[in-house]
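J.: Structure below; questions to follow.
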Amino acid sequence: MTVHDLKSAKSTAELAELSGLDGVPQWAGGDLRTRARHVASIAEQYAEQVDREARFPEEAMAAAKAQGLMGIMAPASLGGEGASTGDVVEICYILGQACASTAMIYAMHQVKAACVIRHLGDSAWHKAFVRRMVRDQLLLASSTTEGQAGGNVRSSAAPVVYKDGRITLDRDASVISYGEAADALVTTARRDAEAAGSDQVLLILDRADYTLTGTQGWDTLGMRGTDSVGFALKADADQTQIMPVAYEVIHSQSMVPAAHLFWSAAWAGVAAASVERARRFIRKAARSNGGQLPPAAAYLQRANASLRALRALIATTLDRYEAISGDAEALGALDFQTAISLLKVDASELAVSTVMSAMRACGLSGYRNDGDASQGRHLRDVLSSPIMINNDRILANLSASSLLAQTPASIRN
Ligand SMILES: Cc1cc2nc3c(=O)[nH]c(=O)nc-3n(C[C@H](O)[C@H](O)[C@H](O)COP(=O)(O)OP(=O)(O)OC[C@H]3O[C@@H](n4cnc5c(N)ncnc54)[C@H](O)[C@@H]3O)c2cc1C
């Protein structure tokens with residue numbers, strides 16, 4: 001199997017065959033975690049090569065498509081499996097243990113899928129798009145970062161330009177992960193040339209609707225396989241492709257919750273894999289020393305503890321989101337918005353400290369780039385987490401709301 005074979009595969013049948021699966025559809029009725037573990041086993045085989053060559057994880061993403069994992073959140077009426085936010089969280093966690101880039105690509109795709117599925121309303125175009133996403137296992141990329149504005153997702157510079165029922169968009173999309181490999185693009189944009197930067201729409205573009213001209217490469221410390229290149233994006237599409245709901249609503253109800261939950265789960269997966277390496281290392285060291293634990297074993301305990309805290313944080317925030325996901329008012333409440341925003345900040349910091357502790361537990365063997373205890377790739381990958389929408393920006397945005405918060409009356413609520 002070559003990368004070219006995978007790229008030129010047109011159908012899910014071909015993808016299934018190329019990624020080592022026989023026949024289609026493999027996924028009908030299958031358990032989601034089993035399917036995710038199959039993808040993870042393929043992702044793991046290529047993770048080092050993907051990192052070294054900073055290339056898109058073609059084999060793992062072909063396997064994810066072959067397992068029918070791209071459209072799982074769509075309701076059965078649109079061809080999907082009605083998978084929950086929690087199902088996707090678990091898949092991101094499983095993939096994160098194998099290959100951070102694969103997990104993050106899958107997470108970013110599902111963030112966009114969640115936004116489209118939840119807010120399509122009565123739009124026939126968007127319903128048809130979701131059906132196609134499931135049928136053809138489309139991979140969706142995201143463009144929110146624009147020019148030098150960094151992670152200010154709630155402001156856009158380029159406006160949508162309208163003419164005769166068609167729209168055009170000319171955008172300095174300074175980071176689009178897997179832009180070349182994606183089948184469709186979901187982008188924020190200013191509503192029109194007169195609108196304020198914060199008056200945004202979300203626009204779905206099919207691959208035929210846009211061109212991408214590279215403006216910036218992607219030679220980074222970690223998350224190298226996300227291939228998050230910068231592009232000049234030029235789009236020409238039908239006006240109906242604009243989501244029927246204002247981006248402001250999509251942002252608070254779907255984009256932030258899905259992004260923070262799915263990303264955190266992917267980072268937790270990276271952290272879990274790193275802890276597993278440290279555990280094996282300490283076990284081996286103890287065995288070869290007559291059962292005596294090495295002095296650095298205390299760091300394994302720290303890594304275990306912070307991983308436990310990270311998983312608990314994700315689980316409680318997920319439970320809270322799932323409990324109120326049908327209640328627009330509760331989703332918009334200051335308390336929930338603060339909690340879901342802080343999830344990203346806290347999860348990224350816990351993930352980094354978990355991997356750091358795991359590396360300390362392994363000592364030089366963890367610091368080396370070779371050997372089973374090497375922590376280099378995990379550390380480099382997880383260091384992307386505090387800057388992927390910079391924690392400083394999130395904390396600065398929340399500082400006013402922290403003044404309004406009240407002392408919690410009990411531990412649980
Ligand atoms: C792996 C990865 C994949 C990505 N994929 C995509 C993608 O597919 N599509 C996409 O659109 N974007 C993508 N991005 C970009 C991402 O969405 C953010 O735009 C980017 O991470 C912003 O990084 P920054 O540190 O330059 O942040 P900025 O927000 O520009 O911050 C720059 C600096 O200013 C500081 N700062 C900013 N605001 C404040 C403030 N209010 N108070 C105090 N300090 C502040 C920060 O601490 C930071 O040091 C990706 C990023 C990563 C890491």
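Identifiers in the structure tokens: chain A, B, ... in order shown; residue index from 1 per chain; ligand index from 1 in order shown.
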So that each row is one residue of chain A with an atom at most 6 Å from ligand 1, can you give its shortest atom pair and the distance in Å to one decimal, using only C-alpha atoms and all ligand atoms, rows by chain and rising number, as CSV?

T.:
residue,atom,partner,partner_atom_place_in_ligand_line,distance
A:Ser142,CA,ligand 1,8 (O),4.7
A:Ser143,CA,ligand 1,11 (O),3.7
A:Thr144,CA,ligand 1,11 (O),3.5
A:Thr145,CA,ligand 1,11 (O),3.6
A:Ala149,CA,ligand 1,30 (O),5.6
A:Gly150,CA,ligand 1,30 (O),3.1
A:Gly151,CA,ligand 1,19 (O),3.4
A:Asn152,CA,ligand 1,29 (O),5.9
A:Val175,CA,ligand 1,12 (N),4.7
A:Ile176,CA,ligand 1,8 (O),3.9
A:Ser177,CA,ligand 1,8 (O),3.7
A:Met223,CA,ligand 1,1 (C),5.2
A:Ser228,CA,ligand 1,5 (N),5.6
A:Ser384,CA,ligand 1,53 (C),4.9
A:Ile387,CA,ligand 1,25 (O),4.7
A:Met388,CA,ligand 1,21 (O),3.5
A:Ile389,CA,ligand 1,21 (O),4.3
A:Asn390,CA,ligand 1,27 (O),4.8
A:Asp392,CA,ligand 1,47 (O),4.5
A:Arg393,CA,ligand 1,39 (C),3.8
A:Ala396,CA,ligand 1,42 (N),4.8

J.: Determine, counting only C-alpha atoms, which protein, DNA and RNA residues have an atom within 6 Å of an atom of Arg166 in chain A; residues of the same chain fewer than 3 positions away are not included. Present the result as a list in words.

T.: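 Using only C-alpha atoms, the neighbours found are Tyr162, Lys163, Ala237, Asp238 and Gln239 of chain A.
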
J.: So, counting only C-alpha atoms, which residue among A:Gln45, A:Ser399, A:Ser348, A:Gln292 is closest to Ala265 in chain A?

T.: A:Ser348

J.: Kindly indicate which residue among A:Ile204, A:Ile94, A:Leu139, A:Leu169 lies nearest to Lys127 in chain A, using only C-alpha atoms for the distances.

T.: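 Between A:Ile204, A:Ile94, A:Leu139, A:Leu169, the residue approaching Lys127 in chain A most closely is A:Ile204.
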
J.: What does the distance between CA of Lys234 in chain A and CA of Thr220 in chain A come to in Å, to one decimal place?

T.: 25.7 Å

J.: Can you pull out the residues contacting Val39 in chain A? Cut-off 6 Å, using only C-alpha atoms, and skip same-chain residues under 6 positions away; I want them as a list in words.

T.: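 In the requested format, the answer is Ala60, Ala63 and Ala64 of chain A.
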
J.: Kindly save the residues from that selection, with N, CA and C atoms included, as a PDB file, in the first residue's frame.

T.:
ATOM      1  N   ALA A  60      -3.797   5.863   8.908  1.00  0.00           N
ATOM      2  CA  ALA A  60      -4.745   5.863  10.025  1.00  0.00           C
ATOM      3  C   ALA A  60      -6.069   6.512   9.619  1.00  0.00           C
ATOM      4  N   ALA A  63      -8.018   4.245   7.554  1.00  0.00           N
ATOM      5  CA  ALA A  63      -8.639   3.211   8.394  1.00  0.00           C
ATOM      6  C   ALA A  63      -9.870   3.769   9.109  1.00  0.00           C
ATOM      7  N   ALA A  64      -9.778   5.038   9.566  1.00  0.00           N
ATOM      8  CA  ALA A  64     -10.933   5.655  10.244  1.00  0.00           C
ATOM      9  C   ALA A  64     -12.119   5.755   9.284  1.00  0.00           C
TER      10      ALA A  64
END

J.: Please indicate the distance in Å from CA of Asp335 in chain A to CA of Gly82 in chain A, rounded to one decimal place.

T.: 27.9 Å

J.: Set the distance at 7 Å and use only C-alpha atoms: which residues neighbour Val111 in chain A once local chain neighbours fewer than 6 positions away are removed? I'd like the list as an NGL selection string.

T.: :A and (255 or 258-259)

J.: Keeping only C-alpha atoms, write the selected residues as an mmCIF file, in the first residue's frame.

T.:
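Output (again-v6.cif):
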data_model
loop_
_atom_site.group_PDB
_atom_site.id
_atom_site.type_symbol
_atom_site.label_atom_id
_atom_site.label_comp_id
_atom_site.auth_asym_id
_atom_site.auth_seq_id
_atom_site.Cartn_x
_atom_site.Cartn_y
_atom_site.Cartn_z
ATOM 1 C CA MET A 255 -17.854 24.696 18.892
ATOM 2 C CA ALA A 258 -16.925 19.952 21.361
ATOM 3 C CA ALA A 259 -13.448 21.406 20.790
#

J.: Rank nothing, just name the residue among A:Ala271, A:Trp218, A:Gly165, A:Ala158 nearest to Ala193 in chain A, using only C-alpha atoms.

T.: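 Between A:Ala271, A:Trp218, A:Gly165, A:Ala158, the residue approaching Ala193 in chain A most closely is A:Ala158.
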
J.: Report, in Å with one decimal, the straight-line distance from CA of Met104 in chain A to CA of Ala266 in chain A.

T.: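 Those two atoms sit 6.2 Å apart.
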
J.: What lies within 10 Å of range 132-137 of chain A using only C-alpha atoms, ignoring chain neighbours under 5 positions off, as a VMD selection string?

T.: chain A and resid 10 to 12 62 64 to 74 78 to 81 113 126 to 127 183 to 184

J.: How would the residues just picked look written out with C-alpha atoms as a compact mmCIF listing (two decimals), in the first residue's frame?

T.:
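Resulting contents of selection.txt:
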# COMPACT_ATOMS: atom_id res chain seq x y z
CA LYS A 10 -12.46 6.83 -4.36
CA SER A 11 -14.84 4.74 -2.32
CA THR A 12 -15.10 3.39 1.19
CA ALA A 62 -7.96 5.80 5.69
CA ALA A 64 -10.93 5.66 10.24
CA LYS A 65 -12.89 6.15 7.02
CA ALA A 66 -12.95 2.42 6.34
CA GLN A 67 -14.34 1.88 9.85
CA GLY A 68 -17.04 4.45 9.10
CA LEU A 69 -15.98 6.68 12.00
CA MET A 70 -16.30 10.05 10.26
CA GLY A 71 -20.08 10.55 10.36
CA ILE A 72 -21.01 8.66 13.52
CA MET A 73 -22.62 11.65 15.25
CA ALA A 74 -25.14 12.19 12.45
CA LEU A 78 -29.20 11.35 7.90
CA GLY A 79 -27.43 7.99 7.64
CA GLY A 80 -25.37 8.23 10.84
CA GLU A 81 -25.29 6.28 14.07
CA ALA A 113 -19.20 17.75 12.31
CA HIS A 126 -26.77 21.09 5.02
CA LYS A 127 -28.85 17.95 5.49
CA ASP A 183 -12.64 16.77 1.58
CA ALA A 184 -14.42 19.92 2.80

J.: Given the choices A:Met359, A:Ala47, A:Ile324, A:Ala124, which gets closest to Glu59 in chain A if the distance is worked out from only C-alpha atoms?

T.: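 That would be A:Ala47, the residue with the smallest distance to Glu59 in chain A.
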
J.: Quick one: residues within 12 Å of Ala309 in chain A, only C-alpha atoms counted, chain neighbours fewer than 3 positions away excluded, as a PyMOL selection string?

T.: chain A and resi 268+271-272+302-306+312-316+343+346-351+353-354

J.: Write the selection just made, keeping N, CA and C atoms, as a compact mmCIF listing (two decimals), in the first residue's frame?

T.:
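Once everything was written out, this is selection_39.txt:
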# COMPACT_ATOMS: atom_id res chain seq x y z
N ALA A 268 -5.35 13.66 26.69
CA ALA A 268 -5.36 12.66 27.77
C ALA A 268 -4.85 11.32 27.24
N ALA A 271 -1.16 11.53 27.13
CA ALA A 271 -0.65 11.43 28.50
C ALA A 271 -0.72 9.99 28.99
N ALA A 272 -1.80 9.28 28.68
CA ALA A 272 -1.96 7.89 29.13
C ALA A 272 -0.89 7.00 28.51
N ARG A 302 3.19 10.39 40.60
CA ARG A 302 2.68 11.72 40.25
C ARG A 302 1.98 11.72 38.89
N ALA A 303 2.61 11.00 37.94
CA ALA A 303 2.01 10.93 36.59
C ALA A 303 0.65 10.26 36.66
N ASN A 304 0.56 9.16 37.43
CA ASN A 304 -0.72 8.46 37.61
C ASN A 304 -1.76 9.40 38.20
N ALA A 305 -1.35 10.16 39.20
CA ALA A 305 -2.30 11.04 39.90
C ALA A 305 -2.81 12.15 38.97
N SER A 306 -1.90 12.75 38.20
CA SER A 306 -2.38 13.84 37.35
C SER A 306 -3.20 13.32 36.17
N ALA A 312 -10.81 12.61 35.26
CA ALA A 312 -11.97 12.99 36.07
C ALA A 312 -12.53 14.35 35.62
N LEU A 313 -11.63 15.26 35.32
CA LEU A 313 -12.06 16.59 34.86
C LEU A 313 -12.83 16.50 33.55
N ILE A 314 -12.29 15.71 32.62
CA ILE A 314 -12.97 15.56 31.32
C ILE A 314 -14.33 14.88 31.53
N ALA A 315 -14.34 13.83 32.35
CA ALA A 315 -15.59 13.07 32.57
C ALA A 315 -16.67 13.94 33.21
N THR A 316 -16.32 14.73 34.22
CA THR A 316 -17.36 15.53 34.88
C THR A 316 -17.85 16.65 33.96
N LEU A 343 -11.97 24.09 31.03
CA LEU A 343 -11.60 22.69 30.79
C LEU A 343 -10.35 22.63 29.92
N ASP A 346 -7.20 23.83 31.96
CA ASP A 346 -6.78 22.87 32.99
C ASP A 346 -6.33 21.54 32.39
N ALA A 347 -7.08 21.07 31.38
CA ALA A 347 -6.72 19.78 30.77
C ALA A 347 -5.35 19.86 30.11
N SER A 348 -5.08 20.97 29.43
CA SER A 348 -3.79 21.07 28.75
C SER A 348 -2.66 21.11 29.78
N GLU A 349 -2.87 21.82 30.87
CA GLU A 349 -1.80 21.89 31.88
C GLU A 349 -1.59 20.54 32.57
N LEU A 350 -2.70 19.84 32.86
CA LEU A 350 -2.56 18.51 33.47
C LEU A 350 -1.89 17.53 32.52
N ALA A 351 -2.24 17.63 31.24
CA ALA A 351 -1.64 16.71 30.26
C ALA A 351 -0.13 16.94 30.17
N SER A 353 1.83 18.27 32.48
CA SER A 353 2.54 17.86 33.70
C SER A 353 2.56 16.34 33.84
N THR A 354 1.54 15.65 33.33
CA THR A 354 1.56 14.17 33.36
C THR A 354 2.73 13.64 32.53

J.: Nearest residue to Leu307 in chain A out of A:Ala358, A:Ala400, A:Ile42, A:Ile340, using only C-alpha atoms?

T.: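 Distance minimum relative to Leu307 in chain A lands on A:Ala358.
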